[in-house]
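Notes for the one structure printed next.
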Amino acid sequence: MMKTSRSRLGGCMLLCLMGWTMASRAAEPTANAASDASQAQVLIVYYSLQGNTQQMAKAVAEGVQRVDGVAVRIRRVEDCTAEDLQAADGLILGCPTYFASIPGTMKLAMDDWNWKWKVDFTNKVGGAFSTGGGQTGGKEHTVITLLLFMLSNRMIVAGPLYEAVERGTEWGEMGSSAMTGPLDPGVSEGQRDAARRLGERIARLTRKLKDAR
């Protein structure tokens with residue numbers, strides 16, 4: 001009987017010790033959780049039918065990843081949620097150009113973000129990119145349309161930066177784009193560079209604004 005009692009007592013003590021240890025670990029935040037909370041969050045949302053805009057979105061993400069302290073997430077517009085949008089400190093939108101403007105799928109989604117989902121975009125940093133088949137087919141108009149949506153929703157917008165070292169000059173553009181039609185099929189390395197510049201610029205501004213809060 002004595003041995004049985006001691007065995008039961010030892011078992012109870014072991015279970016209590018294990019329970020206390022697990023509770024202590026659960027109460028402690030992990031290093032990753034602390035790091036994630038301190039990072040600026042950039043969300044890239046895109047619509048792509050043939051894969052060209054998706055390639056640009058991936059290049060934009062590469063640009064974001066050049067900046068320390070910034071996490072990037074990519075979402076197809078069909079898969080984007082209100083939680084994704086609300087959690088983002090920076091938002092970069094991209095889509096192809098249909099008849100010199102944005103596709104209906106993108107427009108309907110953006111309307112829903114505002115009217116149905118009631119997402120608060122105030123003071124998020126925004127940027128835009130586009131693809132299109134023609135040389136003068138409306139890619140810039142698509143970028144402007146995306147930026148106007150952001151400005152109308154109280155966002156702060158910016159575009160990529162460029163410099164001419166031999167001239168000592170620097171300039172900015174409203175966004176990045178890629179010509180993907182018969183005259184220039186696919187997404188070139190130069191166009192990917194433009195997308196990376198856009199991602200890096202938005203990431204730096206997002207990080208700076210988050211640090212200032």
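Going by the structure tokens order, chains are called A, B, ..., each with residues numbered from 1, while ligands are numbered from 1 in the order shown.
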Set out as JSON lines a contact list for segment 168-188 of chain A and segment 57-77 of chain A with a cut-off of 12 Å, giving each residue of segment 168-188 of chain A that qualifies its closest atom pair and distance in Å to one decimal, counting only C-alpha atoms, ordered by chain and rising residue number.
```
{"residue": "A:Gly175", "atom": "CA", "partner": "A:Val60", "partner_atom": "CA", "distance": 10.9}
{"residue": "A:Ser176", "atom": "CA", "partner": "A:Val60", "partner_atom": "CA", "distance": 9.3}
{"residue": "A:Ser177", "atom": "CA", "partner": "A:Ala57", "partner_atom": "CA", "distance": 10.6}
{"residue": "A:Ala178", "atom": "CA", "partner": "A:Ala57", "partner_atom": "CA", "distance": 11.2}
{"residue": "A:Val187", "atom": "CA", "partner": "A:Ala59", "partner_atom": "CA", "distance": 10.3}
{"residue": "A:Ser188", "atom": "CA", "partner": "A:Ala59", "partner_atom": "CA", "distance": 11.1}
```
With C-alpha atoms retained, could you export that selection as an mmCIF file, in the first residue's frame?
```
data_model
loop_
_atom_site.group_PDB
_atom_site.id
_atom_site.type_symbol
_atom_site.label_atom_id
_atom_site.label_comp_id
_atom_site.auth_asym_id
_atom_site.auth_seq_id
_atom_site.Cartn_x
_atom_site.Cartn_y
_atom_site.Cartn_z
ATOM 1 C CA GLY A 175 4.006 53.610 -60.998
ATOM 2 C CA SER A 176 5.464 50.741 -62.986
ATOM 3 C CA SER A 177 4.130 48.893 -66.011
ATOM 4 C CA ALA A 178 4.940 46.198 -68.550
ATOM 5 C CA VAL A 187 7.718 40.785 -68.971
ATOM 6 C CA SER A 188 11.277 41.975 -69.583
#
```
Next item on the list: With a distance cut-off of 10 Å and only C-alpha atoms, select the neighbouring residues of segment 93-96 of chain A, excluding the residue or stretch itself and same-chain residues fewer than 6 positions from it, and output the selection as a PyMOL selection string.
Entry: chain A and resi 43-54+56-57+60+75-77+102-103+105-106+126-133+138-139+142-143+146-147+150+175-180
I need the residues from that last selection saved to file as a tab-separated table (two decimals), in the first residue's frame (with N, CA and C atoms), if you can.
```
chain	number	residue	atom	x	y	z
A	43	LEU	N	1.04	44.84	-48.37
A	43	LEU	CA	0.18	43.89	-49.05
A	43	LEU	C	0.14	44.22	-50.55
A	44	ILE	N	0.38	43.20	-51.38
A	44	ILE	CA	0.28	43.34	-52.83
A	44	ILE	C	-0.95	42.59	-53.29
A	45	VAL	N	-1.88	43.30	-53.91
A	45	VAL	CA	-3.11	42.68	-54.41
A	45	VAL	C	-3.15	42.87	-55.92
A	46	TYR	N	-3.36	41.79	-56.66
A	46	TYR	CA	-3.32	41.88	-58.11
A	46	TYR	C	-4.39	41.02	-58.75
A	47	TYR	N	-4.73	41.39	-59.98
A	47	TYR	CA	-5.59	40.57	-60.83
A	47	TYR	C	-4.79	40.20	-62.06
A	48	SER	N	-4.76	38.91	-62.40
A	48	SER	CA	-3.98	38.46	-63.55
A	48	SER	C	-4.73	37.36	-64.27
A	49	LEU	N	-4.86	37.51	-65.57
A	49	LEU	CA	-5.57	36.52	-66.37
A	49	LEU	C	-4.60	35.59	-67.09
A	50	GLN	N	-3.51	36.15	-67.63
A	50	GLN	CA	-2.55	35.36	-68.40
A	50	GLN	C	-1.22	35.15	-67.67
A	51	GLY	N	-1.07	35.70	-66.49
A	51	GLY	CA	0.15	35.49	-65.71
A	51	GLY	C	1.15	36.62	-65.76
A	52	ASN	N	0.98	37.58	-66.66
A	52	ASN	CA	1.94	38.68	-66.77
A	52	ASN	C	1.90	39.60	-65.55
A	53	THR	N	0.70	39.95	-65.11
A	53	THR	CA	0.58	40.81	-63.94
A	53	THR	C	1.07	40.09	-62.69
A	54	GLN	N	0.89	38.78	-62.65
A	54	GLN	CA	1.41	37.99	-61.54
A	54	GLN	C	2.94	38.07	-61.48
A	56	MET	N	4.75	40.55	-62.51
A	56	MET	CA	5.07	41.88	-62.01
A	56	MET	C	4.86	41.95	-60.49
A	57	ALA	N	3.80	41.32	-60.00
A	57	ALA	CA	3.53	41.32	-58.56
A	57	ALA	C	4.67	40.67	-57.79
A	60	VAL	N	7.53	43.08	-57.67
A	60	VAL	CA	7.24	44.11	-56.67
A	60	VAL	C	7.59	43.58	-55.28
A	75	ARG	N	-1.54	38.68	-52.57
A	75	ARG	CA	-2.87	38.09	-52.67
A	75	ARG	C	-3.45	38.36	-54.07
A	76	ARG	N	-4.05	37.33	-54.67
A	76	ARG	CA	-4.91	37.55	-55.83
A	76	ARG	C	-6.12	38.35	-55.35
A	77	VAL	N	-6.64	39.20	-56.20
A	77	VAL	CA	-7.76	40.02	-55.78
A	77	VAL	C	-8.95	39.15	-55.37
A	102	ILE	N	-9.03	49.78	-66.10
A	102	ILE	CA	-8.88	48.59	-65.26
A	102	ILE	C	-9.98	47.57	-65.57
A	103	PRO	N	-9.73	46.29	-65.36
A	103	PRO	CA	-10.74	45.26	-65.61
A	103	PRO	C	-11.91	45.39	-64.64
A	105	THR	N	-13.35	43.09	-62.96
A	105	THR	CA	-13.12	42.30	-61.75
A	105	THR	C	-12.41	43.12	-60.69
A	106	MET	N	-11.42	43.91	-61.11
A	106	MET	CA	-10.68	44.75	-60.16
A	106	MET	C	-11.57	45.87	-59.63
A	126	GLY	N	0.43	53.78	-50.52
A	126	GLY	CA	-0.01	53.02	-51.68
A	126	GLY	C	0.82	53.23	-52.92
A	127	GLY	N	0.82	52.22	-53.78
A	127	GLY	CA	1.48	52.29	-55.08
A	127	GLY	C	0.74	51.40	-56.05
A	128	ALA	N	1.03	51.55	-57.36
A	128	ALA	CA	0.28	50.81	-58.37
A	128	ALA	C	1.15	50.40	-59.54
A	129	PHE	N	0.75	49.31	-60.20
A	129	PHE	CA	1.43	48.85	-61.41
A	129	PHE	C	0.41	48.25	-62.35
A	130	SER	N	0.79	48.13	-63.62
A	130	SER	CA	-0.14	47.61	-64.62
A	130	SER	C	0.60	46.88	-65.72
A	131	THR	N	-0.15	46.13	-66.51
A	131	THR	CA	0.37	45.50	-67.72
A	131	THR	C	-0.62	45.80	-68.85
A	132	GLY	N	-0.14	45.68	-70.08
A	132	GLY	CA	-1.02	45.93	-71.21
A	132	GLY	C	-0.35	45.55	-72.51
A	133	GLY	N	-1.17	45.23	-73.51
A	133	GLY	CA	-0.63	44.72	-74.76
A	133	GLY	C	-0.01	45.76	-75.67
A	138	GLY	N	-3.01	52.45	-72.72
A	138	GLY	CA	-3.70	52.89	-71.52
A	138	GLY	C	-3.13	52.40	-70.21
A	139	LYS	N	-1.90	51.87	-70.22
A	139	LYS	CA	-1.31	51.36	-68.97
A	139	LYS	C	-1.19	52.46	-67.91
A	142	THR	N	-4.50	53.13	-66.34
A	142	THR	CA	-4.81	52.10	-65.34
A	142	THR	C	-4.12	52.40	-64.02
A	143	VAL	N	-2.85	52.76	-64.06
A	143	VAL	CA	-2.12	53.12	-62.84
A	143	VAL	C	-2.78	54.32	-62.16
A	146	LEU	N	-5.98	53.34	-60.33
A	146	LEU	CA	-5.69	52.68	-59.06
A	146	LEU	C	-5.25	53.70	-58.00
A	147	LEU	N	-4.43	54.66	-58.41
A	147	LEU	CA	-3.96	55.67	-57.46
A	147	LEU	C	-5.10	56.59	-57.03
A	150	MET	N	-6.96	55.11	-54.28
A	150	MET	CA	-6.23	55.25	-53.02
A	150	MET	C	-6.37	56.66	-52.46
A	175	GLY	N	4.11	55.04	-61.28
A	175	GLY	CA	4.01	53.61	-61.00
A	175	GLY	C	4.92	52.84	-61.93
A	176	SER	N	4.68	51.55	-62.06
A	176	SER	CA	5.46	50.74	-62.99
A	176	SER	C	4.51	49.97	-63.88
A	177	SER	N	5.00	49.60	-65.07
A	177	SER	CA	4.13	48.89	-66.01
A	177	SER	C	4.96	48.00	-66.93
A	178	ALA	N	4.28	47.10	-67.61
A	178	ALA	CA	4.94	46.20	-68.55
A	178	ALA	C	4.08	46.05	-69.80
A	179	MET	N	4.72	46.15	-70.96
A	179	MET	CA	4.05	45.91	-72.23
A	179	MET	C	4.15	44.43	-72.54
A	180	THR	N	3.00	43.78	-72.75
A	180	THR	CA	3.00	42.33	-72.89
A	180	THR	C	2.28	41.86	-74.16
```
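Distance annotation: of A:Thr145, A:Asn123, A:Asn153, A:Gln135, the residue with the minimal separation from Ala88 of chain A is A:Asn123; atom set is only C-alpha atoms.
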Item checked: Picked from chain A by DSSP as alpha helix (DSSP H), as a ChimeraX atom specification -> /A:2-27,31-38,52-64,82-87,104-115,139-152,189-212
Margin query: If we count only C-alpha atoms and set the cut-off at 10 Å, which residues sit around segment 154-164 of chain A, ignoring sequence neighbours fewer than 5 positions away in its own chain? Please answer as a PyMOL selection string.
Written below: chain A and resi 90-92+120-129+147-149+169-176+193-202+205-206
Next item on the list: From the DSSP assignment of the backbone, select every residue of segment 19-163 of chain A that is strand (DSSP E), and format the answer as a count of residues only.
Entry: 34
Notebook entry, point to check: Can you tell me, as a count of residues only, what residues are no more than 10 Å from Glu83 of chain A when counting only C-alpha atoms, ignoring any on the same chain fewer than 3 positions away?
Noted result: 6
Checklist line | Closest of A:Glu140, A:Ala203, A:Asp89, A:Ser152 to Asp111 of chain A - atom-to-atom distances counting only C-alpha atoms | finding: A:Ser152
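Distance-wise, atom CA of Thr97 of chain A and atom CA of His141 of chain A end up 8.5 Å apart.
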